[in-house]
file work-v7.pdb (PDB, C-alpha atoms)
MODEL        1
ATOM      1  CA  MET A   1       3.538 145.955 -67.546  1.00  0.00           C
ATOM      2  CA  GLU A   2       1.986 149.410 -67.541  1.00  0.00           C
ATOM      3  CA  ILE A   3       2.165 151.694 -70.578  1.00  0.00           C
ATOM      4  CA  VAL A   4       1.548 155.333 -69.681  1.00  0.00           C
ATOM      5  CA  SER A   5       1.446 158.277 -72.072  1.00  0.00           C
ATOM      6  CA  LYS A   6       1.177 161.866 -70.923  1.00  0.00           C
ATOM      7  CA  GLY A   7       1.416 163.022 -74.538  1.00  0.00           C
ATOM      8  CA  LYS A   8       4.022 163.108 -77.287  1.00  0.00           C
ATOM      9  CA  VAL A   9       3.135 159.544 -78.347  1.00  0.00           C
ATOM     10  CA  TRP A  10       1.921 159.780 -81.932  1.00  0.00           C
ATOM     11  CA  VAL A  11       0.294 157.284 -84.283  1.00  0.00           C
ATOM     12  CA  VAL A  12       1.123 158.201 -87.868  1.00  0.00           C
ATOM     13  CA  ARG A  13      -0.401 156.569 -90.942  1.00  0.00           C
ATOM     14  CA  SER A  14      -1.232 157.828 -94.422  1.00  0.00           C
ATOM     15  CA  ASP A  15      -4.826 158.560 -93.313  1.00  0.00           C
ATOM     16  CA  LEU A  16      -4.312 159.355 -89.612  1.00  0.00           C
ATOM     17  CA  ILE A  17      -2.120 161.314 -87.255  1.00  0.00           C
ATOM     18  CA  ALA A  18      -3.050 161.212 -83.567  1.00  0.00           C
ATOM     19  CA  GLU A  19      -1.446 162.058 -80.230  1.00  0.00           C
ATOM     20  CA  LEU A  20      -2.310 159.511 -77.537  1.00  0.00           C
ATOM     21  CA  VAL A  21      -2.679 160.129 -73.801  1.00  0.00           C
ATOM     22  CA  GLY A  22      -3.629 157.541 -71.214  1.00  0.00           C
ATOM     23  CA  LYS A  23      -2.723 154.260 -69.576  1.00  0.00           C
ATOM     24  CA  VAL A  24      -2.907 150.616 -70.653  1.00  0.00           C
ATOM     25  CA  ASN A  25      -1.995 147.719 -68.380  1.00  0.00           C
ATOM     26  CA  VAL A  26      -0.616 144.782 -70.364  1.00  0.00           C
ATOM     27  CA  LYS A  27      -0.635 141.299 -68.844  1.00  0.00           C
ATOM     28  CA  PHE A  28       1.225 138.410 -70.400  1.00  0.00           C
ATOM     29  CA  THR A  29      -0.642 135.129 -69.913  1.00  0.00           C
ATOM     30  CA  ARG A  30      -0.509 131.658 -71.414  1.00  0.00           C
ATOM     31  CA  GLU A  31      -3.369 132.664 -73.702  1.00  0.00           C
ATOM     32  CA  GLY A  32      -1.412 135.697 -74.961  1.00  0.00           C
ATOM     33  CA  ILE A  33      -1.267 139.416 -74.362  1.00  0.00           C
ATOM     34  CA  SER A  34      -4.154 140.944 -72.395  1.00  0.00           C
ATOM     35  CA  PRO A  35      -4.333 144.779 -72.549  1.00  0.00           C
ATOM     36  CA  GLU A  36      -6.703 146.781 -70.353  1.00  0.00           C
ATOM     37  CA  GLY A  37      -7.117 150.553 -70.199  1.00  0.00           C
ATOM     38  CA  LYS A  38      -7.923 153.647 -72.185  1.00  0.00           C
ATOM     39  CA  LEU A  39      -6.039 155.893 -74.578  1.00  0.00           C
ATOM     40  CA  THR A  40      -7.503 159.277 -75.431  1.00  0.00           C
ATOM     41  CA  ILE A  41      -6.676 161.114 -78.637  1.00  0.00           C
ATOM     42  CA  SER A  42      -5.690 164.592 -77.457  1.00  0.00           C
ATOM     43  CA  ALA A  43      -4.972 165.958 -80.933  1.00  0.00           C
ATOM     44  CA  GLY A  44      -4.974 164.701 -84.451  1.00  0.00           C
ATOM     45  CA  ARG A  45      -6.319 164.535 -87.954  1.00  0.00           C
ATOM     46  CA  LEU A  46      -8.160 161.893 -89.975  1.00  0.00           C
ATOM     47  CA  ILE A  47      -8.271 161.916 -93.789  1.00  0.00           C
ATOM     48  CA  ILE A  48     -11.412 160.533 -95.467  1.00  0.00           C
ATOM     49  CA  GLN A  49     -11.862 160.772 -99.254  1.00  0.00           C
ATOM     50  CA  GLY A  50      -9.003 163.298 -99.327  1.00  0.00           C
ATOM     51  CA  CYS A  51     -10.757 165.560 -96.771  1.00  0.00           C
ATOM     52  CA  LYS A  52      -8.998 166.429 -93.518  1.00  0.00           C
ATOM     53  CA  PHE A  53     -11.073 166.071 -90.339  1.00  0.00           C
ATOM     54  CA  GLU A  54      -9.934 167.235 -86.906  1.00  0.00           C
ATOM     55  CA  LEU A  55     -10.173 164.522 -84.246  1.00  0.00           C
ATOM     56  CA  LYS A  56     -12.093 165.440 -81.079  1.00  0.00           C
ATOM     57  CA  ASP A  57     -13.529 163.596 -78.065  1.00  0.00           C
ATOM     58  CA  SER A  58     -11.950 160.320 -79.228  1.00  0.00           C
ATOM     59  CA  SER A  59     -10.772 157.270 -77.288  1.00  0.00           C
ATOM     60  CA  LEU A  60      -9.532 153.697 -77.668  1.00  0.00           C
ATOM     61  CA  PHE A  61     -10.635 151.217 -75.000  1.00  0.00           C
ATOM     62  CA  PHE A  62      -8.828 147.950 -74.246  1.00  0.00           C
ATOM     63  CA  SER A  63     -11.042 145.496 -72.362  1.00  0.00           C
ATOM     64  CA  GLY A  64      -8.522 142.932 -71.164  1.00  0.00           C
ATOM     65  CA  GLY A  65      -9.243 140.286 -73.792  1.00  0.00           C
ATOM     66  CA  SER A  66      -6.647 138.049 -75.370  1.00  0.00           C
ATOM     67  CA  GLU A  67      -6.370 140.211 -78.499  1.00  0.00           C
ATOM     68  CA  PHE A  68      -4.750 143.613 -78.759  1.00  0.00           C
ATOM     69  CA  LEU A  69      -7.828 145.053 -80.522  1.00  0.00           C
ATOM     70  CA  PRO A  70      -9.372 148.195 -79.034  1.00  0.00           C
ATOM     71  CA  ILE A  71     -12.972 149.323 -78.967  1.00  0.00           C
ATOM     72  CA  LEU A  72     -13.214 152.608 -80.843  1.00  0.00           C
ATOM     73  CA  ASP A  73     -15.017 155.807 -80.038  1.00  0.00           C
ATOM     74  CA  ILE A  74     -13.628 158.178 -82.655  1.00  0.00           C
ATOM     75  CA  MET A  75     -15.184 161.514 -83.577  1.00  0.00           C
ATOM     76  CA  ALA A  76     -13.833 163.847 -86.253  1.00  0.00           C
ATOM     77  CA  GLY A  77     -15.228 167.127 -87.519  1.00  0.00           C
ATOM     78  CA  LYS A  78     -14.832 169.514 -90.418  1.00  0.00           C
ATOM     79  CA  GLU A  79     -16.516 172.652 -91.698  1.00  0.00           C
ATOM     80  CA  VAL A  80     -17.923 172.297 -95.213  1.00  0.00           C
ATOM     81  CA  GLY A  81     -19.509 175.507 -96.438  1.00  0.00           C
ATOM     82  CA  ASP A  82     -22.198 176.480 -93.934  1.00  0.00           C
ATOM     83  CA  TYR A  83     -22.162 173.045 -92.259  1.00  0.00           C
ATOM     84  CA  GLU A  84     -20.212 171.439 -89.423  1.00  0.00           C
ATOM     85  CA  VAL A  85     -19.830 167.796 -90.488  1.00  0.00           C
ATOM     86  CA  THR A  86     -19.072 165.041 -87.960  1.00  0.00           C
ATOM     87  CA  VAL A  87     -17.880 161.503 -88.704  1.00  0.00           C
ATOM     88  CA  ARG A  88     -18.087 158.981 -85.866  1.00  0.00           C
ATOM     89  CA  LEU A  89     -16.564 155.480 -85.721  1.00  0.00           C
ATOM     90  CA  GLN A  90     -17.679 153.304 -82.829  1.00  0.00           C
ATOM     91  CA  GLY A  91     -17.331 149.684 -81.847  1.00  0.00           C
ATOM     92  CA  GLN A  92     -14.813 146.925 -82.312  1.00  0.00           C
ATOM     93  CA  VAL A  93     -11.857 147.914 -84.465  1.00  0.00           C
ATOM     94  CA  GLU A  94     -12.409 145.007 -86.897  1.00  0.00           C
ATOM     95  CA  LYS A  95     -16.104 145.971 -87.478  1.00  0.00           C
ATOM     96  CA  PRO A  96     -16.739 149.595 -86.502  1.00  0.00           C
ATOM     97  CA  THR A  97     -20.016 151.416 -87.084  1.00  0.00           C
ATOM     98  CA  LEU A  98     -19.834 154.629 -89.093  1.00  0.00           C
ATOM     99  CA  SER A  99     -22.295 157.472 -88.596  1.00  0.00           C
ATOM    100  CA  LEU A 100     -22.422 160.883 -90.232  1.00  0.00           C
ATOM    101  CA  SER A 101     -24.084 164.011 -88.895  1.00  0.00           C
ATOM    102  CA  SER A 102     -24.075 167.754 -89.422  1.00  0.00           C
ATOM    103  CA  VAL A 103     -25.099 171.080 -87.946  1.00  0.00           C
ATOM    104  CA  PRO A 104     -27.546 172.206 -89.190  1.00  0.00           C
ATOM    105  CA  PRO A 105     -28.942 168.654 -89.325  1.00  0.00           C
ATOM    106  CA  MET A 106     -29.097 166.727 -92.613  1.00  0.00           C
ATOM    107  CA  GLU A 107     -29.716 163.099 -93.546  1.00  0.00           C
ATOM    108  CA  GLN A 108     -26.595 160.903 -93.656  1.00  0.00           C
ATOM    109  CA  GLY A 109     -26.742 160.697 -97.470  1.00  0.00           C
ATOM    110  CA  GLU A 110     -26.633 164.483 -97.686  1.00  0.00           C
ATOM    111  CA  VAL A 111     -23.707 164.602 -95.242  1.00  0.00           C
ATOM    112  CA  LEU A 112     -21.890 162.063 -97.428  1.00  0.00           C
ATOM    113  CA  SER A 113     -22.485 164.332-100.424  1.00  0.00           C
ATOM    114  CA  LEU A 114     -20.953 167.225 -98.471  1.00  0.00           C
ATOM    115  CA  ILE A 115     -17.887 165.119 -97.643  1.00  0.00           C
ATOM    116  CA  MET A 116     -17.379 163.787-101.163  1.00  0.00           C
ATOM    117  CA  PHE A 117     -18.355 166.807-103.270  1.00  0.00           C
ATOM    118  CA  GLY A 118     -18.399 169.775-100.894  1.00  0.00           C
ATOM    119  CA  ARG A 119     -22.112 170.453-101.440  1.00  0.00           C
ATOM    120  CA  PRO A 120     -25.559 168.894-100.874  1.00  0.00           C
ATOM    121  CA  SER A 121     -26.866 166.392-103.444  1.00  0.00           C
ATOM    122  CA  GLN A 122     -29.447 168.811-104.889  1.00  0.00           C
ATOM    123  CA  ASN A 123     -26.512 170.985-106.047  1.00  0.00           C
ATOM    124  CA  LEU A 124     -24.613 168.170-107.811  1.00  0.00           C
ATOM    125  CA  ASN A 125     -24.210 167.999-111.569  1.00  0.00           C
ATOM    126  CA  PRO A 126     -25.379 164.872-113.484  1.00  0.00           C
ATOM    127  CA  GLN A 127     -21.890 163.271-113.485  1.00  0.00           C
ATOM    128  CA  GLU A 128     -21.666 163.479-109.675  1.00  0.00           C
ATOM    129  CA  ASN A 129     -25.215 162.326-108.952  1.00  0.00           C
TER     130      ASN A 129
ENDMDL
END

call {"tool": "encode", "arguments": {"input": "work-v7.pdb", "output": "structure tokens"}}
result
Amino acid sequence: MEIVSKGKVWVVRSDLIAELVGKVNVKFTREGISPEGKLTISAGRLIIQGCKFELKDSSLFFSGGSEFLPILDIMAGKEVGDYEVTVRLQGQVEKPTLSLSSVPPMEQGEVLSLIMFGRPSQNLNPQEN
């Protein structure tokens, strides 16, 4: 069976809204369902710690295994003050790797401070630090 989306297929959760485009071939075998293909997120939003991030350059890859678990390559960005903050999730959906970056560049701990408090750690008050 082939699942094809040219848009208007949305995933909606409390922390995510995403429009999917792409094609996944699904084979039914004795071992179970075996999906293979790629879905690209053409538009969407991810909410982390109450902050809305716009999804960009993001995909879900299905490698044809016996589980319907994609490999993630998700990138989301947001402007925080004078910074462009990027959150990236990569890897297997059950154990993704999270990385944080910014422009201009900062250490990941500083980017986390921007996400959580809206400012770098040196500008936090004692209760936030």

call {"tool": "closest_atom_pairs", "arguments": {"input": "work-v7.pdb", "of": "region 68-111 of chain A", "to": "region 15-24 of chain A", "cutoff": "12 Å", "atoms": "all atoms listed in the file", "output": "Markdown table"}}
result
| residue | atom | partner | partner_atom | distance |
| --- | --- | --- | --- | --- |
| A:Phe68 | CA | A:Val24 | CA | 10.9 |
| A:Pro70 | CA | A:Val24 | CA | 10.9 |
| A:Ile74 | CA | A:Ala18 | CA | 11.0 |
| A:Ala76 | CA | A:Leu16 | CA | 11.1 |

call {"tool": "axis_aligned_box", "arguments": {"input": "work-v7.pdb", "around": "region 76-84 of chain A", "padding_each_side": "6 Å", "output": "AutoDock Vina command-line options"}}
result
--center_x -18.0 --center_y 170.2 --center_z -91.3 --size_x 20.4 --size_y 24.6 --size_z 22.2

call {"tool": "resolve_selection", "arguments": {"input": "work-v7.pdb", "expression": "the PyMOL selection byres ((chain A and resi 7) around 10)", "output": "ChimeraX atom specification"}}
result
/A:4-6,8-10,19-22,40-43

call {"tool": "closest_residue", "arguments": {"input": "work-v7.pdb", "among": "A:Val80, A:Ile3, A:Arg45, A:Glu31", "to": "Phe117 (chain A)", "atoms": "only C-alpha atoms"}}
result
A:Val80

call {"tool": "residues_around", "arguments": {"input": "work-v7.pdb", "residues": "region 89-97 of chain A", "least_positions_apart": "5", "cutoff": "10 Å", "atoms": "all atoms listed in the file", "output": "number ranges by chain"}}
result
A: 58-61, 69-76

call {"tool": "atom_distance", "arguments": {"input": "work-v7.pdb", "atom1": "CA of Val85 (chain A)", "atom2": "CA of Val103 (chain A)"}}
result
6.7 Å

call {"tool": "closest_residue", "arguments": {"input": "work-v7.pdb", "among": "A:Tyr83, A:Leu39, A:Arg30, A:Gly77", "to": "Glu110 (chain A)", "atoms": "only C-alpha atoms"}}
result
A:Tyr83

call {"tool": "atom_distance", "arguments": {"input": "work-v7.pdb", "atom1": "CA of Val12 (chain A)", "atom2": "CA of Gly50 (chain A)"}}
result
16.1 Å

call {"tool": "residues_around", "arguments": {"input": "work-v7.pdb", "residues": "Asn25 (chain A)", "least_positions_apart": "4", "cutoff": "8 Å", "atoms": "all atoms listed in the file", "output": "CSV table (one decimal) with C-alpha atoms, in the coordinates of the input"}}
result
chain,number,residue,atom,x,y,z
A,1,MET,CA,3.5,146.0,-67.5
A,2,GLU,CA,2.0,149.4,-67.5
A,3,ILE,CA,2.2,151.7,-70.6
A,35,PRO,CA,-4.3,144.8,-72.5
A,36,GLU,CA,-6.7,146.8,-70.4
A,37,GLY,CA,-7.1,150.6,-70.2

call {"tool": "residues_around", "arguments": {"input": "work-v7.pdb", "residues": "Glu79 (chain A)", "least_positions_apart": "3", "cutoff": "12 Å", "atoms": "only C-alpha atoms", "output": "list in words"}}
result
Cys51, Lys52, Phe53, Glu54, Ala76, Asp82, Tyr83, Glu84, Val85, Thr86, Val87, Ser101, Ser102, Val103, Pro104, Val111, Leu114, Ile115, Gly118 and Arg119 of chain A

call {"tool": "write_last_selection", "arguments": {"input": "work-v7.pdb", "atoms": "C-alpha atoms", "output": "PDB file, keeping the file's coordinate frame"}}
result
ATOM      1  CA  CYS A  51     -10.757 165.560 -96.771  1.00  0.00           C
ATOM      2  CA  LYS A  52      -8.998 166.429 -93.518  1.00  0.00           C
ATOM      3  CA  PHE A  53     -11.073 166.071 -90.339  1.00  0.00           C
ATOM      4  CA  GLU A  54      -9.934 167.235 -86.906  1.00  0.00           C
ATOM      5  CA  ALA A  76     -13.833 163.847 -86.253  1.00  0.00           C
ATOM      6  CA  ASP A  82     -22.198 176.480 -93.934  1.00  0.00           C
ATOM      7  CA  TYR A  83     -22.162 173.045 -92.259  1.00  0.00           C
ATOM      8  CA  GLU A  84     -20.212 171.439 -89.423  1.00  0.00           C
ATOM      9  CA  VAL A  85     -19.830 167.796 -90.488  1.00  0.00           C
ATOM     10  CA  THR A  86     -19.072 165.041 -87.960  1.00  0.00           C
ATOM     11  CA  VAL A  87     -17.880 161.503 -88.704  1.00  0.00           C
ATOM     12  CA  SER A 101     -24.084 164.011 -88.895  1.00  0.00           C
ATOM     13  CA  SER A 102     -24.075 167.754 -89.422  1.00  0.00           C
ATOM     14  CA  VAL A 103     -25.099 171.080 -87.946  1.00  0.00           C
ATOM     15  CA  PRO A 104     -27.546 172.206 -89.190  1.00  0.00           C
ATOM     16  CA  VAL A 111     -23.707 164.602 -95.242  1.00  0.00           C
ATOM     17  CA  LEU A 114     -20.953 167.225 -98.471  1.00  0.00           C
ATOM     18  CA  ILE A 115     -17.887 165.119 -97.643  1.00  0.00           C
ATOM     19  CA  GLY A 118     -18.399 169.775-100.894  1.00  0.00           C
ATOM     20  CA  ARG A 119     -22.112 170.453-101.440  1.00  0.00           C
TER      21      ARG A 119
END

call {"tool": "atom_distance", "arguments": {"input": "work-v7.pdb", "atom1": "CA of Thr29 (chain A)", "atom2": "CA of Gly65 (chain A)"}}
result
10.8 Å

call {"tool": "decode", "arguments": {"input": "work-v7.pdb", "residues": "region 79-101 of chain A", "atoms": "N, CA and C atoms", "output": "tab-separated table (two decimals), in the first residue's frame"}}
result
chain	number	residue	atom	x	y	z
A	79	GLU	N	12.81	33.54	17.19
A	79	GLU	CA	13.58	34.71	17.58
A	79	GLU	C	13.33	35.00	19.05
A	80	VAL	N	14.42	35.18	19.79
A	80	VAL	CA	14.34	35.56	21.21
A	80	VAL	C	15.26	36.76	21.38
A	81	GLY	N	14.67	37.93	21.52
A	81	GLY	CA	15.47	39.15	21.62
A	81	GLY	C	16.29	39.33	20.36
A	82	ASP	N	17.60	39.46	20.52
A	82	ASP	CA	18.51	39.65	19.39
A	82	ASP	C	19.05	38.33	18.84
A	83	TYR	N	18.47	37.21	19.24
A	83	TYR	CA	18.99	35.89	18.87
A	83	TYR	C	17.99	35.11	18.03
A	84	GLU	N	18.50	34.32	17.10
A	84	GLU	CA	17.70	33.32	16.40
A	84	GLU	C	18.07	31.97	17.02
A	85	VAL	N	17.13	31.37	17.73
A	85	VAL	CA	17.36	30.13	18.46
A	85	VAL	C	16.84	28.96	17.62
A	86	THR	N	17.64	27.88	17.55
A	86	THR	CA	17.25	26.68	16.82
A	86	THR	C	17.31	25.47	17.74
A	87	VAL	N	16.24	24.68	17.69
A	87	VAL	CA	16.16	23.41	18.42
A	87	VAL	C	16.15	22.31	17.35
A	88	ARG	N	16.98	21.29	17.54
A	88	ARG	CA	17.04	20.20	16.56
A	88	ARG	C	16.91	18.86	17.27
A	89	LEU	N	15.99	18.04	16.79
A	89	LEU	CA	15.79	16.66	17.27
A	89	LEU	C	16.18	15.74	16.13
A	90	GLN	N	17.10	14.81	16.42
A	90	GLN	CA	17.55	13.88	15.40
A	90	GLN	C	17.66	12.48	15.98
A	91	GLY	N	17.43	11.50	15.12
A	91	GLY	CA	17.61	10.12	15.54
A	91	GLY	C	16.31	9.35	15.64
A	92	GLN	N	16.39	8.21	16.28
A	92	GLN	CA	15.23	7.34	16.43
A	92	GLN	C	14.20	8.01	17.33
A	93	VAL	N	12.94	7.87	16.98
A	93	VAL	CA	11.87	8.57	17.68
A	93	VAL	C	11.82	8.21	19.17
A	94	GLU	N	12.20	6.97	19.53
A	94	GLU	CA	12.15	6.59	20.95
A	94	GLU	C	13.34	7.11	21.74
A	95	LYS	N	14.44	7.54	21.09
A	95	LYS	CA	15.61	8.10	21.77
A	95	LYS	C	16.26	9.18	20.92
A	96	PRO	N	15.58	10.29	20.68
A	96	PRO	CA	16.18	11.33	19.84
A	96	PRO	C	17.28	12.10	20.58
A	97	THR	N	18.14	12.72	19.80
A	97	THR	CA	19.18	13.60	20.34
A	97	THR	C	18.70	15.03	20.17
A	98	LEU	N	18.83	15.82	21.22
A	98	LEU	CA	18.43	17.22	21.20
A	98	LEU	C	19.67	18.09	21.15
A	99	SER	N	19.68	19.07	20.26
A	99	SER	CA	20.76	20.05	20.25
A	99	SER	C	20.15	21.44	20.12
A	100	LEU	N	20.81	22.40	20.73
A	100	LEU	CA	20.37	23.79	20.75
A	100	LEU	C	21.47	24.64	20.15
A	101	SER	N	21.08	25.63	19.36
A	101	SER	CA	22.06	26.55	18.79
A	101	SER	C	21.41	27.92	18.62
